[in-house]
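Structure first, commentary second.
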Amino acid sequence: MRILTAASRLAAIGGLELAQLEACRQLRERGHLIDLLYEQRGDLYPEWTMLAGRGVRVDGYALRRGALLHSARSVMAVAVAVRRLAPDLVYAHHQHHSPSAVLGGKPVVCHLHLPPPPRRSAQEDLALRRAHGLIAVSRFTARQWSESLRIAPERFSIVHNGVDLQRFAPAKESRRQATRHALGLPSDRFLVLYAGRIDPDKGVDRALETARQLDASEYHLAVAGEPNPGSFRGDEAAARSYADGLRTSYADAPVSWLGRLEDVSSLIAASDAVILPSRFDEPFGLVVLETLASGVPIVASAAGGIPEILTGPLAASLMPSGEPGGFAQRLRELHNWRTADPELGRRGREHVARNFTLARMGDALNRALEQALEGRARA
């Protein structure tokens, strides 16, 4: 199958961009040919050049009110590119990419990683309803989109994300200490890690408040991430101001600010626990898989698709209220887990190995795309 995937910026901005790259890598491993439409280059561009046979830069995928003429030309250019590249299927990863993809006259499958936005254009809704296949990263996300689009939930294929068990793996004590030393983190504290965007939705302030409630002689919080202007309507100054305000407000908390790290796998493995105190309904929560695969427990908000990962005994680390007091109490309970319950890390990793591998994700994607084509052929 020749698959044409549509992307915006080829950069590791968040989980969506990395998930799209990995999804296409898995499809390539299963023998499919991958072509690429993109708007901007970024740090993932070299990886895409190795993966995609052909790449075409475009100016946009949808009509914009403030620039109707220019955006209309962009949409038509995408439709022409789709016809010229002649894929068997167009594989989009954001509803914003779907309008022009549908105009190309080829079957379209949209993989939905994010919740429905409060305001969505009619062109996006129409394109999604006309898509030959819809994939959601969790049952929760499928329900959200089903209700928002007013279409049957049966139209959605559920494909949970997968994690690389080689990259995210437990580390020996010597490696954990070396990683902490390299990052200037204390070696004699229970290290709690927050890894994600610095914005209100992700609840980084809850992580800081949790750290403030813990004994600073026993616990330490590491924050790995940077403010995302996209969370502040593109306002870079507002994003920086929010992060600076947190640093000032929680100057008394036992915390190290690490900024954005290219690879957090070694830091996760060096931690004693990870905290994910999201305020919004996480569509899935990839860091949950990465943490469990690393043999480390995670304490997370019971929001969105996260409860689809933390099932059975692992659900003990779900915080229904999302309040810092609950997170702090659970972290106190986990303080001595390496000696009191040394199998805890192994159980979490085995859970991922059974249910959330990249191979399992790739097989599910392959089935979803083939079913979309089969449905098109029957129609």
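Identifiers for the structure tokens are assigned positionally: chains receive A, B, ... in sequence, residues are indexed from 1 per chain, and ligands are indexed from 1 in the order shown.
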
Q. Neighbours of Gly326 (chain A) within 10 Å (only C-alpha atoms; same-chain residues fewer than 6 positions away dropped), as a PyMOL selection string?
A. chain A and resi 210+299+301+317-320+332

Please, could you write that set of residues out with N, CA and C atoms as a PDB file, in the first residue's frame?
```pdb
ATOM      1  N   THR A 210       2.422  19.669  45.262  1.00  0.00           N
ATOM      2  CA  THR A 210       2.658  18.358  45.874  1.00  0.00           C
ATOM      3  C   THR A 210       4.034  18.308  46.519  1.00  0.00           C
ATOM      4  N   VAL A 299       2.148   8.256  39.403  1.00  0.00           N
ATOM      5  CA  VAL A 299       0.942   8.717  40.081  1.00  0.00           C
ATOM      6  C   VAL A 299       0.282   9.727  39.144  1.00  0.00           C
ATOM      7  N   SER A 301      -3.477  11.666  37.369  1.00  0.00           N
ATOM      8  CA  SER A 301      -4.889  12.034  37.448  1.00  0.00           C
ATOM      9  C   SER A 301      -5.737  10.984  36.738  1.00  0.00           C
ATOM     10  N   SER A 317      -2.718   3.979  41.765  1.00  0.00           N
ATOM     11  CA  SER A 317      -1.991   5.241  41.593  1.00  0.00           C
ATOM     12  C   SER A 317      -2.780   6.274  40.800  1.00  0.00           C
ATOM     13  N   LEU A 318      -4.079   6.021  40.581  1.00  0.00           N
ATOM     14  CA  LEU A 318      -4.939   7.013  39.958  1.00  0.00           C
ATOM     15  C   LEU A 318      -5.513   7.933  41.027  1.00  0.00           C
ATOM     16  N   MET A 319      -5.470   9.231  40.763  1.00  0.00           N
ATOM     17  CA  MET A 319      -5.992  10.208  41.706  1.00  0.00           C
ATOM     18  C   MET A 319      -7.300  10.785  41.160  1.00  0.00           C
ATOM     19  N   PRO A 320      -8.450  10.291  41.611  1.00  0.00           N
ATOM     20  CA  PRO A 320      -9.737  10.776  41.068  1.00  0.00           C
ATOM     21  C   PRO A 320      -9.952  12.269  41.257  1.00  0.00           C
ATOM     22  N   ARG A 332       4.033   9.291  49.415  1.00  0.00           N
ATOM     23  CA  ARG A 332       4.536   8.821  50.718  1.00  0.00           C
ATOM     24  C   ARG A 332       4.408   7.304  50.827  1.00  0.00           C
TER      25      ARG A 332
END
```

Q | Which of region 119-220 of chain A fall in alpha helix (DSSP H), as JSON, numbers by chain | A | {"A": [122, 123, 124, 125, 126, 127, 128, 129, 130, 139, 140, 141, 142, 143, 144, 145, 146, 147, 148, 149, 173, 174, 175, 176, 177, 178, 179, 180, 181, 182, 204, 205, 206, 207, 208, 209, 210, 211, 212, 213]}

For the residues in the current selection, export C-alpha atoms as an mmCIF file, in the first residue's frame.
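Wrote it out as selection_20.cif, contents follow:
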```cif
data_model
loop_
_atom_site.group_PDB
_atom_site.id
_atom_site.type_symbol
_atom_site.label_atom_id
_atom_site.label_comp_id
_atom_site.auth_asym_id
_atom_site.auth_seq_id
_atom_site.Cartn_x
_atom_site.Cartn_y
_atom_site.Cartn_z
ATOM 1 C CA ALA A 122 -17.559 23.276 9.458
ATOM 2 C CA GLN A 123 -15.044 22.207 6.822
ATOM 3 C CA GLU A 124 -13.214 20.020 9.350
ATOM 4 C CA ASP A 125 -16.440 18.432 10.587
ATOM 5 C CA LEU A 126 -17.579 17.693 7.047
ATOM 6 C CA ALA A 127 -14.212 16.200 6.121
ATOM 7 C CA LEU A 128 -14.132 13.978 9.213
ATOM 8 C CA ARG A 129 -17.639 12.716 8.563
ATOM 9 C CA ARG A 130 -16.642 11.896 4.996
ATOM 10 C CA ARG A 139 -11.900 4.703 23.933
ATOM 11 C CA PHE A 140 -12.359 7.935 25.840
ATOM 12 C CA THR A 141 -11.176 10.027 22.877
ATOM 13 C CA ALA A 142 -13.412 8.033 20.516
ATOM 14 C CA ARG A 143 -16.439 8.783 22.712
ATOM 15 C CA GLN A 144 -15.579 12.484 22.755
ATOM 16 C CA TRP A 145 -15.335 12.695 18.976
ATOM 17 C CA SER A 146 -18.368 10.485 18.441
ATOM 18 C CA GLU A 147 -20.515 12.828 20.526
ATOM 19 C CA SER A 148 -18.967 15.945 19.018
ATOM 20 C CA LEU A 149 -19.427 14.809 15.398
ATOM 21 C CA GLU A 173 21.524 1.709 40.625
ATOM 22 C CA SER A 174 24.884 2.867 39.260
ATOM 23 C CA ARG A 175 23.233 4.176 36.082
ATOM 24 C CA ARG A 176 20.508 5.935 38.043
ATOM 25 C CA GLN A 177 23.058 7.703 40.206
ATOM 26 C CA ALA A 178 25.200 8.677 37.204
ATOM 27 C CA THR A 179 22.182 10.234 35.489
ATOM 28 C CA ARG A 180 21.249 12.192 38.597
ATOM 29 C CA HIS A 181 24.813 13.421 39.010
ATOM 30 C CA ALA A 182 24.994 14.546 35.380
ATOM 31 C CA VAL A 204 2.659 21.380 36.629
ATOM 32 C CA ASP A 205 1.537 23.728 39.438
ATOM 33 C CA ARG A 206 -0.122 20.715 41.091
ATOM 34 C CA ALA A 207 3.212 18.872 40.915
ATOM 35 C CA LEU A 208 4.942 21.841 42.555
ATOM 36 C CA GLU A 209 2.272 22.092 45.250
ATOM 37 C CA THR A 210 2.658 18.358 45.874
ATOM 38 C CA ALA A 211 6.413 18.801 46.321
ATOM 39 C CA ARG A 212 5.795 21.623 48.766
ATOM 40 C CA GLN A 213 3.686 19.263 50.906
#
```

Q | Selected residue of minimal separation from Pro153 (chain A) among A:Leu134, A:Gln166, A:Ala328, A:Leu183, counting only C-alpha atoms | A |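 For Pro153 (chain A), the nearest of the candidates is A:Leu134.
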
**Q.** Proximity to Leu310 (chain A) - best of A:Met1, A:Val352, A:Ile275, A:Ala239, only C-alpha atoms
**A.** A:Val352

(Q) I'd like the contact shell of region 242-258 of chain A - 12 Å cut-off, only C-alpha atoms, skipping same-chain residues fewer than 3 positions apart - returned as a ChimeraX atom specification. (A) /A:180,182-186,189-200,203-229,231-232,235-239,261-262,264,267

Q) Taking into account only C-alpha atoms, which residue in the set A:Ala6, A:Pro46, A:Leu33, A:His93 is nearest to Asp59 (chain A)? A) A:Ala6

Q.
Considering only C-alpha atoms, can you say which of A:Asp88, A:Val287, A:Ile268, A:Ser100 comes closest to Glu374 (chain A)?
A.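 Looking only at the distances to Glu374 (chain A), the closest residue turns out to be A:Asp88.
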